[in-house]
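Colleague: Here you go, coords.cif (mmCIF, C-alpha atoms and all ligand atoms):
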```cif
data_structure
loop_
_atom_site.label_atom_id
_atom_site.label_comp_id
_atom_site.auth_asym_id
_atom_site.auth_seq_id
_atom_site.Cartn_x
_atom_site.Cartn_y
_atom_site.Cartn_z
CA MET A 1 -173.70 -28.83 -95.16
CA VAL A 2 -173.90 -26.36 -92.30
CA HIS A 3 -172.86 -27.77 -88.94
CA ILE A 4 -174.28 -26.49 -85.66
CA CYS A 5 -172.34 -25.76 -82.49
CA VAL A 6 -173.61 -28.12 -79.75
CA GLN A 7 -172.96 -25.47 -77.14
CA CYS A 8 -174.57 -22.34 -78.62
CA ASP A 9 -176.46 -23.45 -81.79
CA GLN A 10 -174.46 -21.10 -84.06
CA PRO A 11 -172.93 -22.30 -87.33
CA ALA A 12 -169.87 -24.37 -86.48
CA ARG A 13 -166.51 -24.92 -88.14
CA LEU A 14 -164.42 -26.85 -85.60
CA CYS A 15 -164.93 -30.33 -84.32
CA CYS A 16 -163.42 -32.44 -81.57
CA SER A 17 -160.20 -33.60 -83.20
CA ALA A 18 -159.98 -36.54 -80.84
CA CYS A 19 -163.14 -38.25 -81.97
CA SER A 20 -163.49 -36.88 -85.52
CA THR A 21 -161.19 -39.70 -86.68
CA THR A 22 -163.78 -42.22 -85.51
CA GLY A 23 -166.48 -40.64 -87.66
CA SER A 24 -168.44 -39.34 -84.67
CA MET A 25 -168.46 -35.57 -85.10
CA THR A 26 -169.14 -33.04 -82.39
CA TRP A 27 -169.09 -29.52 -83.79
CA TYR A 28 -168.20 -26.18 -82.23
CA CYS A 29 -168.27 -22.58 -83.43
CA SER A 30 -165.24 -21.56 -81.41
CA GLU A 31 -162.57 -22.78 -79.04
CA SER A 32 -164.38 -21.17 -76.12
CA CYS A 33 -167.55 -23.16 -76.86
CA GLN A 34 -165.47 -26.31 -77.09
CA LYS A 35 -163.86 -25.52 -73.77
CA ASN A 36 -167.21 -24.83 -72.09
CA HIS A 37 -168.77 -27.96 -73.51
CA TRP A 38 -165.81 -30.21 -72.69
CA ILE A 39 -167.26 -31.35 -69.38
CA CYS A 40 -170.26 -32.80 -71.26
CA HIS A 41 -168.23 -34.11 -74.14
CA ILE A 42 -165.63 -35.92 -72.06
CA PHE A 43 -168.31 -38.41 -71.06
CA LYS A 44 -168.80 -39.35 -74.70
CA CYS A 45 -165.54 -38.50 -76.43
CA LYS A 46 -164.36 -41.56 -78.30
CA ARG A 47 -160.72 -40.74 -77.69
CA ARG A 48 -160.54 -39.31 -74.22
CA THR A 49 -157.12 -39.84 -72.73
CA ARG A 50 -158.08 -40.43 -69.12
CA GLU A 51 -160.70 -42.15 -66.99
CA ILE A 52 -163.82 -40.27 -65.93
CA ASN A 53 -163.72 -39.47 -62.21
CA THR A 54 -166.20 -38.13 -59.68
CA GLY A 55 -164.74 -34.61 -60.11
CA ASP A 56 -166.03 -34.77 -63.71
CA HIS A 57 -169.46 -35.88 -62.50
CA LEU A 58 -169.48 -32.92 -60.13
CA ALA A 59 -168.48 -30.49 -62.88
CA LEU A 60 -171.16 -31.91 -65.18
CA ALA A 61 -173.74 -31.39 -62.44
CA VAL A 62 -172.61 -27.76 -62.09
CA TYR A 63 -172.80 -27.32 -65.88
CA ARG A 64 -176.38 -28.63 -65.81
CA SER A 65 -177.33 -26.73 -62.63
CA ARG A 66 -178.60 -29.84 -60.88
CA LEU A 67 -177.29 -31.45 -57.70
CA PRO A 68 -175.18 -34.51 -58.56
CA LEU A 69 -177.11 -37.78 -58.62
CA ASP A 70 -174.13 -40.11 -59.00
CA PRO A 71 -173.84 -41.85 -55.59
CA GLN A 72 -170.01 -41.92 -55.46
CA THR A 73 -169.84 -38.22 -56.38
CA ARG A 74 -172.30 -37.33 -53.63
CA LEU A 75 -170.17 -39.27 -51.18
CA ASP A 76 -166.80 -37.91 -52.40
CA TYR A 77 -167.80 -34.25 -52.37
CA GLY A 78 -169.81 -34.09 -49.15
CA PHE A 79 -173.37 -34.04 -50.51
CA ASP A 80 -174.44 -37.06 -48.47
CA ARG A 81 -173.11 -35.45 -45.30
CA ALA A 82 -174.70 -32.12 -46.20
CA PHE A 83 -177.96 -34.06 -45.86
CA THR A 84 -180.62 -31.32 -46.03
CA THR A 85 -181.42 -29.65 -49.32
CA ASP A 86 -180.59 -26.14 -48.04
CA VAL A 87 -177.08 -27.19 -47.07
CA LYS A 88 -176.63 -29.24 -50.25
CA LEU A 89 -177.50 -26.21 -52.35
CA LEU A 90 -174.99 -24.06 -50.44
CA LEU A 91 -172.29 -26.66 -50.98
CA PHE A 92 -173.25 -26.84 -54.65
CA GLY A 93 -173.05 -23.03 -54.91
CA MET A 94 -169.53 -23.19 -53.52
CA TYR A 95 -168.43 -25.72 -56.16
CA ARG A 96 -170.06 -23.56 -58.82
CA VAL A 97 -167.96 -20.58 -57.74
CA LEU A 98 -164.80 -22.69 -57.77
CA LEU A 99 -165.41 -24.37 -61.12
CA ILE A 100 -166.98 -21.49 -63.04
CA ASP A 101 -165.99 -18.17 -61.46
CA PHE A 102 -162.51 -19.32 -60.41
CA ASN A 103 -162.06 -21.56 -63.42
CA LEU A 104 -160.76 -24.51 -61.41
CA SER A 105 -160.64 -27.77 -63.35
CA SER A 106 -162.45 -30.91 -62.27
CA GLN A 107 -159.07 -32.66 -62.43
CA LYS A 108 -157.66 -30.35 -59.81
CA LEU A 109 -160.57 -30.98 -57.41
CA HIS A 110 -160.14 -34.69 -58.07
CA LYS A 111 -156.42 -34.59 -57.23
CA TRP A 112 -157.00 -32.57 -54.06
CA ARG A 113 -159.56 -35.08 -52.94
CA LEU A 114 -157.31 -38.06 -53.70
CA HIS A 115 -154.53 -36.49 -51.66
CA GLY A 116 -156.89 -35.78 -48.75
CA ILE A 117 -156.38 -32.01 -49.00
CA LEU A 118 -159.73 -31.00 -50.51
CA LEU A 119 -160.87 -28.89 -47.55
CA GLU A 120 -157.65 -26.93 -47.04
CA LYS A 121 -157.17 -26.31 -50.78
CA ILE A 122 -160.75 -25.10 -51.21
CA GLU A 123 -160.38 -22.78 -48.22
CA ALA A 124 -157.18 -21.38 -49.68
CA ALA A 125 -158.84 -20.91 -53.09
CA LEU A 126 -161.79 -19.06 -51.54
CA ILE A 127 -159.55 -16.44 -49.92
CA SER A 128 -158.60 -14.36 -52.89
CA PRO A 129 -155.37 -12.43 -52.33
CA GLU A 130 -156.69 -9.29 -54.06
CA GLY A 131 -160.40 -9.07 -53.38
CA PRO A 132 -162.62 -9.69 -50.38
CA ARG A 133 -163.12 -13.22 -49.10
CA SER A 134 -165.85 -15.18 -50.80
CA PRO A 135 -168.95 -15.51 -48.57
CA TYR A 136 -168.47 -19.26 -49.09
CA TYR A 137 -165.19 -19.03 -47.18
CA VAL A 138 -167.02 -17.84 -44.07
CA TRP A 139 -169.73 -20.45 -44.60
CA LEU A 140 -167.21 -23.27 -45.02
CA GLN A 141 -165.40 -22.23 -41.83
CA GLY A 142 -168.57 -22.93 -39.88
CA ASN A 143 -169.38 -26.09 -41.82
CA SER A 144 -166.02 -27.74 -42.37
CA TRP A 145 -167.37 -31.06 -41.04
CA ILE A 146 -169.09 -31.50 -44.42
CA LEU A 147 -165.73 -32.09 -46.09
CA ASP A 148 -163.83 -33.31 -43.05
CA THR A 149 -164.99 -36.84 -42.36
CA SER A 150 -162.96 -37.00 -39.14
CA GLN A 151 -165.57 -34.70 -37.58
CA PRO A 152 -169.02 -36.08 -36.74
CA SER A 153 -171.84 -35.23 -39.15
CA VAL A 154 -174.13 -32.90 -37.26
CA LEU A 155 -176.98 -33.24 -39.71
CA GLU A 156 -176.96 -37.02 -40.05
CA ASP A 157 -177.63 -37.37 -36.33
CA MET A 158 -180.37 -34.79 -36.59
CA GLY A 159 -181.73 -36.70 -39.60
CA ARG A 160 -182.10 -39.96 -37.69
CA GLY A 161 -184.09 -38.13 -35.02
CA GLN A 162 -186.25 -36.44 -37.66
CA GLU A 163 -186.88 -39.70 -39.46
CA ALA A 164 -188.13 -41.24 -36.22
CA ALA A 165 -190.33 -38.16 -35.66
CA ALA A 166 -191.79 -38.51 -39.18
CA ILE A 167 -192.61 -42.18 -38.61
CA HIS A 168 -194.07 -41.43 -35.20
CA ASN A 169 -196.21 -38.71 -36.74
CA THR A 170 -197.89 -41.22 -39.08
CA GLY A 171 -199.55 -42.72 -36.02
CA ILE A 172 -197.42 -45.89 -35.89
CA GLY A 173 -196.22 -45.01 -32.40
CA ASP A 174 -192.90 -45.19 -30.57
CA SER A 175 -193.07 -48.69 -29.17
CA VAL A 176 -192.91 -50.40 -32.57
CA THR A 177 -189.71 -52.39 -33.25
CA PRO A 178 -188.04 -52.10 -36.68
CA THR A 179 -189.29 -55.59 -37.60
CA GLN A 180 -192.84 -54.71 -36.58
CA PHE A 181 -192.50 -51.47 -38.54
CA ILE A 182 -191.60 -53.34 -41.73
CA GLY A 183 -194.52 -55.68 -41.08
CA ILE A 184 -196.88 -52.71 -40.79
CA LEU A 185 -195.50 -51.11 -43.98
CA ASP A 186 -196.21 -54.35 -45.86
CA THR A 187 -199.89 -53.95 -45.08
CA TRP A 188 -199.96 -50.36 -46.38
CA PRO A 189 -201.10 -49.59 -49.93
CA GLN A 190 -198.47 -48.13 -52.28
CA THR A 191 -200.02 -44.65 -52.07
CA LYS A 192 -199.60 -44.60 -48.30
CA ARG A 193 -195.97 -45.69 -48.65
CA ASP A 194 -195.41 -42.90 -51.22
CA CYS A 195 -196.70 -40.45 -48.63
CA LEU A 196 -194.39 -41.81 -45.93
CA GLU A 197 -191.40 -41.36 -48.26
CA LEU A 198 -192.31 -37.73 -48.85
CA TRP A 199 -193.16 -37.25 -45.16
CA ILE A 200 -189.67 -38.41 -44.13
CA ASP A 201 -188.03 -36.10 -46.71
CA ILE A 202 -190.06 -33.16 -45.40
CA TYR A 203 -189.12 -33.89 -41.79
CA CYS A 204 -185.47 -34.22 -42.72
CA PHE A 205 -185.49 -30.93 -44.69
CA LYS A 206 -184.72 -32.81 -47.89
CA HIS A 207 -186.47 -32.80 -51.23
CA PRO A 208 -187.08 -35.84 -53.44
CA SER A 209 -184.54 -36.29 -56.26
CA PRO A 210 -185.54 -37.15 -59.84
CA GLN A 211 -184.51 -40.72 -59.06
CA SER A 212 -187.44 -41.06 -56.68
CA ASP A 213 -191.02 -41.54 -57.88
CA CYS A 214 -192.06 -38.87 -55.36
CA TRP A 215 -190.32 -36.26 -57.52
CA VAL A 216 -192.94 -36.81 -60.20
CA THR A 217 -196.03 -37.84 -58.24
CA PHE A 218 -195.88 -34.96 -55.76
CA GLY A 219 -195.19 -32.42 -58.49
CA PHE A 220 -191.55 -31.47 -57.89
CA CYS A 221 -191.14 -32.10 -61.61
CA VAL A 222 -193.02 -28.87 -62.45
CA CYS A 223 -190.34 -26.68 -60.83
CA ASP A 224 -187.93 -24.76 -63.03
CA THR A 225 -185.03 -24.82 -60.61
CA GLU A 226 -183.85 -26.87 -57.68
CA ASN A 227 -184.47 -23.81 -55.50
CA ASP A 228 -188.12 -23.89 -56.54
CA GLU A 229 -188.18 -27.55 -55.53
CA LEU A 230 -186.85 -26.55 -52.15
CA ARG A 231 -189.60 -23.93 -51.82
CA LEU A 232 -192.21 -26.51 -52.79
CA CYS A 233 -190.85 -28.66 -49.97
CA ARG A 234 -191.48 -25.78 -47.58
CA ILE A 235 -195.06 -25.52 -48.86
CA TYR A 236 -195.55 -29.23 -48.17
CA ARG A 237 -194.02 -28.67 -44.74
CA SER A 238 -196.57 -26.00 -43.92
CA LEU A 239 -199.32 -28.36 -45.10
CA ARG A 240 -197.91 -31.08 -42.83
CA ASP A 241 -198.14 -28.68 -39.88
CA ARG A 242 -201.82 -28.18 -40.60
CA CYS A 243 -203.05 -31.72 -41.27
CA SER A 244 -202.57 -35.29 -40.08
CA PHE A 245 -200.69 -37.95 -42.03
CA ASP A 246 -203.92 -39.83 -42.71
CA GLU A 247 -205.61 -36.70 -43.99
CA PHE A 248 -202.63 -36.11 -46.30
CA TRP A 249 -202.58 -39.68 -47.53
CA ARG A 250 -206.35 -39.76 -48.20
CA ALA A 251 -206.13 -36.54 -50.18
CA TYR A 252 -203.25 -37.94 -52.25
CA ASP A 253 -205.09 -41.21 -52.78
CA MET A 254 -208.15 -39.32 -54.01
CA SER A 255 -206.10 -36.97 -56.24
CA SER A 256 -207.30 -34.03 -54.18
CA LEU A 257 -204.08 -32.69 -52.68
CA MET A 258 -204.67 -29.31 -54.30
CA ALA A 259 -208.03 -29.03 -52.55
CA LEU A 260 -206.26 -29.88 -49.29
CA PHE A 261 -203.69 -27.10 -49.92
CA ASP A 262 -206.63 -24.75 -50.51
CA SER A 263 -208.61 -25.79 -47.47
CA LYS A 264 -205.54 -25.38 -45.23
CA GLU A 265 -204.79 -21.99 -46.78
CA CYS A 266 -201.40 -22.96 -48.17
CA VAL A 267 -201.83 -20.34 -50.86
CA GLU A 268 -198.26 -20.55 -52.19
CA ALA A 269 -199.19 -23.85 -53.86
CA ARG A 270 -201.16 -21.70 -56.32
CA SER A 271 -198.16 -19.49 -57.20
CA GLN A 272 -197.40 -18.92 -60.85
CA GLN A 273 -194.17 -20.94 -60.70
CA TYR A 274 -196.22 -24.00 -59.69
CA ARG A 275 -198.90 -23.43 -62.32
CA HIS A 276 -198.67 -27.04 -63.51
CA LEU A 277 -198.78 -28.48 -60.01
CA GLU A 278 -202.53 -28.85 -60.00
CA GLY A 279 -202.42 -30.75 -63.30
CA VAL A 280 -199.94 -33.25 -61.86
CA LEU A 281 -201.78 -33.70 -58.56
CA ARG A 282 -205.12 -34.12 -60.30
CA GLY A 283 -204.18 -37.40 -61.99
CA PRO A 284 -204.53 -40.75 -60.27
CA PRO A 285 -201.43 -41.42 -58.09
CA GLY A 286 -198.61 -42.66 -60.30
CA HIS A 287 -200.18 -41.36 -63.53
CA VAL A 288 -198.89 -38.06 -64.85
CA ASP A 289 -198.70 -36.58 -68.33
CA SER A 290 -195.73 -38.22 -70.04
CA ILE A 291 -193.94 -34.86 -70.40
CA TRP A 292 -193.05 -35.05 -66.70
CA GLU A 293 -191.59 -38.49 -67.11
CA LEU A 294 -189.58 -37.17 -70.04
CA LYS A 295 -188.34 -34.36 -67.83
CA ARG A 296 -187.39 -36.86 -65.19
CA LEU A 297 -185.25 -38.68 -67.74
CA ALA A 298 -183.70 -35.38 -68.85
CA MET A 299 -182.87 -34.47 -65.26
CA GLY A 300 -180.91 -37.67 -64.70
CA GLY A 301 -183.61 -39.99 -63.40
CA SER A 302 -184.41 -43.22 -65.18
CA LEU A 303 -187.54 -44.55 -66.82
CA ASP A 304 -188.80 -48.07 -66.93
CA GLY A 305 -189.31 -49.56 -70.37
CA THR A 306 -193.08 -49.19 -70.24
CA SER A 307 -193.08 -45.45 -69.54
CA ARG A 308 -195.37 -43.53 -71.85
CA ALA A 309 -192.66 -40.92 -72.38
CA ILE A 310 -190.68 -43.47 -74.40
CA PHE A 311 -193.57 -43.87 -76.83
CA ASP A 312 -194.94 -40.33 -76.83
CA TYR A 313 -191.56 -38.74 -77.55
CA GLY A 314 -190.30 -41.20 -80.11
CA MET A 315 -187.55 -42.79 -78.06
CA ASP A 316 -188.78 -46.16 -79.23
CA ASN A 317 -188.47 -45.08 -82.87
CA CYS A 318 -184.69 -45.08 -82.53
CA LYS A 319 -182.89 -48.02 -84.02
CA GLU A 320 -179.90 -47.96 -81.73
CA GLN A 321 -178.80 -46.61 -78.38
CA ALA A 322 -176.58 -43.90 -79.90
CA GLU A 323 -179.53 -42.46 -81.82
CA ARG A 324 -181.67 -42.61 -78.72
CA ASN A 325 -179.01 -40.71 -76.77
CA GLU A 326 -178.89 -38.01 -79.45
CA LEU A 327 -182.66 -37.64 -79.30
CA ALA A 328 -182.56 -37.50 -75.50
CA GLU A 329 -179.90 -34.75 -75.73
CA ILE A 330 -182.39 -32.55 -77.57
CA TYR A 331 -184.96 -32.95 -74.82
CA ILE A 332 -182.28 -32.40 -72.17
CA LYS A 333 -181.39 -29.12 -73.87
CA PHE A 334 -185.04 -28.09 -73.92
CA PHE A 335 -185.44 -28.61 -70.17
CA ALA A 336 -181.99 -27.49 -69.04
CA ARG A 337 -182.18 -24.20 -70.93
CA ARG A 338 -185.87 -23.78 -70.15
CA LEU A 339 -186.59 -23.00 -73.78
CA GLY A 340 -190.34 -23.26 -73.44
CA ASP A 341 -193.26 -24.31 -71.28
CA PRO A 342 -193.16 -28.12 -70.89
CA MET A 343 -196.92 -28.33 -71.41
CA ASP A 344 -196.53 -26.67 -74.81
CA LEU A 345 -194.13 -29.43 -75.78
CA HIS A 346 -196.62 -31.97 -74.46
CA LYS A 347 -199.39 -30.43 -76.51
CA ALA A 348 -197.15 -30.57 -79.56
CA ALA A 349 -196.43 -34.26 -78.85
CA CYS A 350 -200.15 -35.01 -78.65
CA GLU A 351 -200.64 -33.31 -82.02
CA GLY A 352 -197.67 -35.09 -83.64
CA LYS A 353 -195.74 -31.81 -84.00
CA ILE A 354 -192.73 -32.20 -81.71
CA TYR A 355 -190.25 -31.43 -84.48
CA GLU A 356 -192.14 -28.34 -85.62
CA TYR A 357 -192.43 -27.04 -82.06
CA LEU A 358 -188.82 -27.66 -81.04
CA SER A 359 -187.26 -26.37 -84.24
CA GLY A 360 -188.98 -23.06 -83.53
CA LEU A 361 -186.96 -22.86 -80.31
CA MET A 362 -183.60 -24.37 -81.23
CA LYS A 363 -181.70 -25.91 -84.12
CA VAL A 364 -182.86 -29.48 -84.61
CA LYS A 365 -181.40 -31.66 -87.37
CA LYS A 366 -183.88 -32.76 -90.05
CA LYS A 367 -183.15 -36.41 -89.40
CA PHE A 368 -185.03 -36.17 -86.11
CA LYS A 369 -188.27 -35.25 -87.81
CA SER A 370 -189.22 -38.86 -88.47
CA LEU A 371 -188.12 -39.94 -84.99
CA MET A 372 -190.07 -37.28 -83.11
CA LYS A 373 -193.35 -39.02 -83.65
CA LYS A 374 -195.63 -40.45 -81.07
CA ILE A 375 -196.21 -44.17 -81.43
CA GLU A 376 -199.13 -46.11 -80.10
CA TYR A 377 -198.65 -47.21 -76.55
CA PRO A 378 -198.25 -50.99 -76.89
CA PHE A 379 -200.03 -51.98 -73.72
CA GLN A 380 -203.71 -52.54 -73.24
CA PHE A 381 -204.22 -49.77 -70.72
CA SER A 382 -207.00 -47.29 -71.06
CA SER A 383 -205.88 -43.84 -72.12
CA LEU A 384 -204.83 -41.38 -69.46
CA GLU A 385 -207.98 -39.32 -69.87
CA SER A 386 -210.26 -42.30 -69.37
CA ASP A 387 -208.09 -43.37 -66.38
CA ARG A 388 -208.82 -40.02 -64.88
CA ALA A 389 -212.52 -40.15 -65.67
CA ALA A 390 -212.71 -43.62 -64.10
CA HIS A 391 -210.77 -42.45 -61.09
CA ARG A 392 -213.03 -39.47 -60.64
CA SER A 393 -216.16 -41.55 -60.89
CA VAL A 394 -214.77 -43.89 -58.21
CA GLN A 395 -214.15 -40.85 -56.04
CA THR A 396 -217.66 -39.60 -56.54
CA SER A 397 -219.18 -42.95 -55.74
CA LYS A 398 -217.00 -43.21 -52.59
CA SER A 399 -218.10 -39.84 -51.30
ZN ZN B 1 -170.69 -22.10 -80.06
ZN ZN B 2 -164.31 -35.98 -78.72
#
```
Could you show the structure in this file as structure tokens?
Ligand SMILES: [Zn+2]
Ligand SMILES: [Zn+2]
Modeller:
Amino acid sequence: MVHICVQCDQPARLCCSACSTTGSMTWYCSESCQKNHWICHIFKCKRRTREINTGDHLALAVYRSRLPLDPQTRLDYGFDRAFTTDVKLLLFGMYRVLLIDFNLSSQKLHKWRLHGILLEKIEAALISPEGPRSPYYVWLQGNSWILDTSQPSVLEDMGRGQEAAAIHNTGIGDSVTPTQFIGILDTWPQTKRDCLELWIDIYCFKHPSPQSDCWVTFGFCVCDTENDELRLCRIYRSLRDRCSFDEFWRAYDMSSLMALFDSKECVEARSQQYRHLEGVLRGPPGHVDSIWELKRLAMGGSLDGTSRAIFDYGMDNCKEQAERNELAEIYIKFFARRLGDPMDLHKAACEGKIYEYLSGLMKVKKKFKSLMKKIEYPFQFSSLESDRAAHRSVQTSKS
């Protein structure tokens, strides 16, 4: 039997000696692939010799090119203080240089942090004795408060002001007390509350994370990279400058945000990299093609048990959690390596050909063929297409 390297898909001959004794085999073609994949494997290795720490979560995030979602990791490594997405991405870029270009281990970062010397050690690492200083050194000099909690967080203070501005901008007004504000929110429909959540993110120069529903419903899920998500945020910001909150909410509620982008001449929303944005925004709020929910799962968000993605992509065919994780890994690989257009995978899922489609792009074990089958959605909802038709007819009758 030919084994496949989990890192590079080439024929493999080595496997993790630590867990091979337990019968759970993870195969590699070479020691370098094993080394590069270690940061993923350590989370699953049956015989790891130490506890997972937040340095490992950070390194895994760097490996997957996504900002860390683990709350303690965000806190430990300054992402919560970095606050806006631009600054978060700069901080993330710095860790990438340290962990990948400079080959620092996650253990070392972890120890520095435990000893309270993270900032000084990182600064020292970024000044290379031979070459020029890393641009991140200069950046960190001006932004040391991100890692030095004894200094006040400049951006958090700004954020509180921006949040108030966002709320004020919805028309609620300044004189409302927090209790009154909560009372008002209770009377708002869910779609209006979705808009407020996005509105606050936009004001605070943040972007929704895959853990928030806004990431899917406002189309951040169609972006290839987190930088594209940041750019999409800027497009929403320019829309915000050209319309009122109510106008925005009504357009979202009527699935006509794309028409609003058009009418306000936010032409970037039609750029090629957002080619699937219109498809996402066209559906009734909260209903998107299941491929985007699958992507959300792959990017570290979670799904509730009734998500269509679970049924459309065969997750519910799995008999046990371990099998389900293995299946999820395949989809994670598809999205993380951007092996194909997500809508092509979705089309394949609709036609019952997930296995055929994916095995044309990567090595997929035969045993997944029977799992990668769509199963009937067990709830008595109308199909997505008829949802849309119904929604559109409501819109037409309203107008
Ligand atoms: Zn390999
Ligand atoms: Zn192992």
Colleague: Just give me the gap between atom CA of A:Cys318 and atom CA of A:His287 in Å, one decimal is fine.
Modeller: 24.8 Å
Colleague: Measuring between all atoms listed in the file, which one of A:Arg337, A:His37, A:Arg81, A:His346 shows the shortest distance to ligand ZN 1 (chain B)?
Modeller: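 Going through A:Arg337, A:His37, A:Arg81, A:His346 one by one, the smallest distance to ligand ZN 1 (chain B) is for A:His37.
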Colleague: Please provide the set of residues having any atom within 10 Å of A:Glu247, restricted to only C-alpha atoms, with same-chain residues fewer than 5 positions apart removed, written as a ChimeraX atom specification.
Modeller: /A:240,242,252-253,257,260
Colleague: Restricting the calculation to all atoms listed in the file, which member of A:Asn227, A:Gln141, A:Gln321, A:Ser30 is positioned closest to ligand ZN 1 (chain B)?
Modeller: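 Under the stated criterion, the closest residue is A:Ser30.
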Colleague: Quick one, how far is atom CA of A:Asp101 from atom CA of A:Leu126?
Modeller: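 About the pair atom CA of A:Asp101 and atom CA of A:Leu126: they are 10.8 Å apart.
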Colleague: Could you give me the residues within 6 Å of ligand ZN 1 (chain B), counting only C-alpha atoms and all ligand atoms, as a tab-separated table (two decimals) with C-alpha atoms, in the coordinates of the input?
Modeller:
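Contents of out36.tsv, freshly written:
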```
chain	number	residue	atom	x	y	z
A	5	CYS	CA	-172.34	-25.76	-82.49
A	7	GLN	CA	-172.96	-25.47	-77.14
A	8	CYS	CA	-174.57	-22.34	-78.62
A	10	GLN	CA	-174.46	-21.10	-84.06
A	28	TYR	CA	-168.20	-26.18	-82.23
A	29	CYS	CA	-168.27	-22.58	-83.43
A	30	SER	CA	-165.24	-21.56	-81.41
A	33	CYS	CA	-167.55	-23.16	-76.86
```
Colleague: Taking a cut-off of 7 Å and counting only C-alpha atoms and all ligand atoms, can you build a table that, for each residue of chain A near ligand ZN 2 (chain B), reports the nearest atom pair and how far apart they are in Å (one decimal), sorted by chain then residue number, as a Markdown table?
Modeller:
```
| residue | atom | partner | partner_atom | distance |
| --- | --- | --- | --- | --- |
| A:Cys16 | CA | B:ZN2 | ZN | 4.6 |
| A:Ser17 | CA | B:ZN2 | ZN | 6.5 |
| A:Ala18 | CA | B:ZN2 | ZN | 4.9 |
| A:Cys19 | CA | B:ZN2 | ZN | 4.1 |
| A:Ser20 | CA | B:ZN2 | ZN | 6.9 |
| A:Thr26 | CA | B:ZN2 | ZN | 6.7 |
| A:His41 | CA | B:ZN2 | ZN | 6.3 |
| A:Ile42 | CA | B:ZN2 | ZN | 6.8 |
| A:Lys44 | CA | B:ZN2 | ZN | 6.9 |
| A:Cys45 | CA | B:ZN2 | ZN | 3.6 |
| A:Lys46 | CA | B:ZN2 | ZN | 5.6 |
| A:Arg47 | CA | B:ZN2 | ZN | 6.1 |
| A:Arg48 | CA | B:ZN2 | ZN | 6.7 |
```
Colleague: When you look at A:Phe79 with a cut-off of 9 Å (counting all atoms listed in the file), what residues show up, excluding the ones that are within fewer than 2 positions of it in the same chain? I need them as a CSV table (one decimal) with C-alpha atoms, keeping the file's coordinate frame.
Modeller:
```
chain,number,residue,atom,x,y,z
A,67,LEU,CA,-177.3,-31.4,-57.7
A,68,PRO,CA,-175.2,-34.5,-58.6
A,73,THR,CA,-169.8,-38.2,-56.4
A,74,ARG,CA,-172.3,-37.3,-53.6
A,75,LEU,CA,-170.2,-39.3,-51.2
A,76,ASP,CA,-166.8,-37.9,-52.4
A,77,TYR,CA,-167.8,-34.2,-52.4
A,81,ARG,CA,-173.1,-35.4,-45.3
A,82,ALA,CA,-174.7,-32.1,-46.2
A,83,PHE,CA,-178.0,-34.1,-45.9
A,84,THR,CA,-180.6,-31.3,-46.0
A,87,VAL,CA,-177.1,-27.2,-47.1
A,88,LYS,CA,-176.6,-29.2,-50.2
A,91,LEU,CA,-172.3,-26.7,-51.0
A,92,PHE,CA,-173.2,-26.8,-54.6
A,146,ILE,CA,-169.1,-31.5,-44.4
```
Colleague: Which distance in Å separates atom CA of A:Pro135 and atom CA of A:Val97, to one decimal?
Modeller: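 These atoms are spaced 10.5 Å apart.
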Colleague: Out of A:Gly116, A:Pro208, A:Gly314, A:Gly219, which residue has the shortest atom-to-atom distance to A:Gln273 when counting only C-alpha atoms?
Modeller: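 Checking each of A:Gly116, A:Pro208, A:Gly314, A:Gly219 against A:Gln273, counting only C-alpha atoms, the winner is A:Gly219.
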Colleague: A:Ser105, A:Gln72, A:Gln211, A:Asn53: which is nearest A:Asn36, counting only C-alpha atoms?
Modeller: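 Of A:Ser105, A:Gln72, A:Gln211, A:Asn53, the one nearest A:Asn36 is A:Ser105, counting only C-alpha atoms.
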Colleague: Given the choices A:Cys204, A:Glu376, A:Arg193, A:Tyr355, which gets closest to A:Met158 if the distance is worked out from only C-alpha atoms?
Modeller: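 Looking at the shortest contact to A:Met158, the residue is A:Cys204.
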Colleague: A:Asp86: which residues within 8 Å, counting all atoms listed in the file, same-chain residues fewer than 6 positions away excluded, as a PyMOL selection string?
Modeller: chain A and resi 205-206+230
Colleague: Would you please work out which residue, of A:Arg66, A:Lys108, A:His276, A:Arg250, is nearest to A:Arg96 when using all atoms listed in the file?
Modeller: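 Using all atoms listed in the file, A:Arg96 sits closest to A:Arg66.
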Colleague: Please provide as a list in words all residues within 10 Å of A:Phe368, with the sequence filter that same-chain residues fewer than 3 positions apart are discarded (counting all atoms listed in the file).
Modeller: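 My reading of the contact set: Gly314, Cys318, Glu323, Glu326, Leu327, Ile330, Ile354, Tyr355, Val364, Lys365, Leu371, Met372 and Lys373 of chain A.
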Colleague: I need the chosen residues saved as a PDB file, keeping the file's coordinate frame, with C-alpha atoms.
Modeller:
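Here's the written file result-v1.pdb:
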```pdb
ATOM      1  CA  GLY A 314    -190.300 -41.200 -80.110  1.00  0.00           C
ATOM      2  CA  CYS A 318    -184.690 -45.080 -82.530  1.00  0.00           C
ATOM      3  CA  GLU A 323    -179.530 -42.460 -81.820  1.00  0.00           C
ATOM      4  CA  GLU A 326    -178.890 -38.010 -79.450  1.00  0.00           C
ATOM      5  CA  LEU A 327    -182.660 -37.640 -79.300  1.00  0.00           C
ATOM      6  CA  ILE A 330    -182.390 -32.550 -77.570  1.00  0.00           C
ATOM      7  CA  ILE A 354    -192.730 -32.200 -81.710  1.00  0.00           C
ATOM      8  CA  TYR A 355    -190.250 -31.430 -84.480  1.00  0.00           C
ATOM      9  CA  VAL A 364    -182.860 -29.480 -84.610  1.00  0.00           C
ATOM     10  CA  LYS A 365    -181.400 -31.660 -87.370  1.00  0.00           C
ATOM     11  CA  LEU A 371    -188.120 -39.940 -84.990  1.00  0.00           C
ATOM     12  CA  MET A 372    -190.070 -37.280 -83.110  1.00  0.00           C
ATOM     13  CA  LYS A 373    -193.350 -39.020 -83.650  1.00  0.00           C
TER      14      LYS A 373
END
```
